[in-house]
Amino acid sequence: MKAILHTLCILIASASSALAFDESQLKALKSEHACEGCDLAKADLSGANLIRAKLIEVDLSEADLTGGKLIGANLTWATLKKAKLSAANLSGANLSGADLRGAELSEASLAGADLSGAGLSEAKWSAANMAGANLTKAKLTKAQLIGTDLGGAKLKKADLSEARLRGADLSGVDLSKAILNDANMD
């Protein structure tokens, strides 16, 4: 019985450590504003100042970046699945090829950001500012862009199938060759 309990404790301890991010990588990010290829999944970075940070190919899945300042940050090919980015400022950030599936971006600012080729399916963008953003070839299937400012954004060849765009500002938006199957604009 003791052997079974001992084995069970080891399994639980190793499983919980596998789910945690690397604290040394988090410290490096905070001190150097760079952490390329790091695993920061589930990290609490709410309110963090990451202006112009280099976060290329970083894993921020389920991380909390609520209210964070990521102006001009390089998040090329980053993984931000189900990340919390509400009220975060990502203006001018490079998120090309990033995976933001299921991310929460309500009231976030991505004005002028590069989201070309990004995976944004099922992301929630309520009242976000995406004016002038580049969303060329982005996948926005089932995304919720309710009340979002997309003025002047480039959505060329973007997939907006089943996206919800009620109340979104689409003035000056480039939708050439965009896929709008079952998109809801009411």
# chains A, B, ... in the order shown; residues from 1 in each chain; ligands from 1
call {"tool": "closest_atom_pairs", "arguments": {"of": "segment 20-77 of chain A", "to": "segment 107-121 of chain A", "cutoff": "12 Å", "atoms": "only C-alpha atoms", "output": "tab-separated table"}}
result
residue	atom	partner	partner_atom	distance
A:Leu65	CA	A:Ala108	CA	10.5
A:Thr66	CA	A:Ala108	CA	8.8
A:Gly67	CA	A:Ala108	CA	8.1
A:Gly68	CA	A:Ala108	CA	9.5
A:Lys69	CA	A:Ser109	CA	9.8
A:Leu70	CA	A:Leu110	CA	9.6
A:Ile71	CA	A:Leu110	CA	8.7
A:Gly72	CA	A:Ala113	CA	8.0
A:Ala73	CA	A:Ala113	CA	9.5
A:Asn74	CA	A:Asp114	CA	9.7
A:Leu75	CA	A:Asp114	CA	9.7
A:Thr76	CA	A:Leu115	CA	8.9
A:Trp77	CA	A:Ala118	CA	8.1
call {"tool": "residues_around", "arguments": {"residues": "segment 149-164 of chain A", "least_positions_apart": "2", "cutoff": "6 Å", "atoms": "only C-alpha atoms", "output": "PyMOL selection string"}}
result
chain A and resi 129-145+166+168-184
call {"tool": "closest_residue", "arguments": {"among": "A:Ala123, A:Ala128, A:Leu29, A:Cys38", "to": "Leu50 of chain A", "atoms": "only C-alpha atoms"}}
result
A:Leu29
call {"tool": "residues_around", "arguments": {"residues": "Gly37 of chain A", "least_positions_apart": "4", "cutoff": "10 Å", "atoms": "only C-alpha atoms", "output": "ChimeraX atom specification"}}
result
/A:25,54-59,77-79
call {"tool": "closest_residue", "arguments": {"among": "A:Leu95, A:Ala127, A:Ala41, A:Ser106", "to": "Lys81 of chain A", "atoms": "only C-alpha atoms"}}
result
A:Ala41
call {"tool": "select_by_dssp", "arguments": {"residues": "segment 116-167 of chain A", "states": "strand (DSSP E or B)", "output": "ChimeraX atom specification"}}
result
/A:119,124,129,134,139,144,149,154,159,164
call {"tool": "select_by_dssp", "arguments": {"residues": "chain A", "states": "helix (DSSP H, G or I)", "output": "list in words"}}
result
Lys2, Ala3, Ile4, Leu5, His6, Thr7, Leu8, Cys9, Ile10, Leu11, Ile12, Ala13, Ser14, Ala15, Ser16, Ser17, Ala18, Leu19, Glu23, Ser24, Gln25, Leu26, Lys27, Ala28, Leu29, Lys30, Ser31 and Glu32 of chain A
call {"tool": "residues_around", "arguments": {"residues": "Asp22 of chain A", "least_positions_apart": "5", "cutoff": "10 Å", "atoms": "only C-alpha atoms", "output": "ChimeraX atom specification"}}
result
/A:17,27,38-41,43
call {"tool": "atom_distance", "arguments": {"atom1": "atom CA of Lys124 of chain A", "atom2": "atom CA of Ile51 of chain A"}}
result
23.0 Å
call {"tool": "closest_residue", "arguments": {"among": "A:Gly147, A:Gly102, A:Gly167, A:Gly47", "to": "Ala83 of chain A", "atoms": "only C-alpha atoms"}}
result
A:Gly102
call {"tool": "closest_residue", "arguments": {"among": "A:Asn89, A:Leu26, A:Asp186, A:Glu104", "to": "Asp64 of chain A", "atoms": "only C-alpha atoms"}}
result
A:Glu104
call {"tool": "atom_distance", "arguments": {"atom1": "atom CA of Ala63 of chain A", "atom2": "atom CA of Thr148 of chain A"}}
result
22.7 Å
call {"tool": "atom_distance", "arguments": {"atom1": "atom CA of Lys30 of chain A", "atom2": "atom CA of Glu122 of chain A"}}
result
29.7 Å
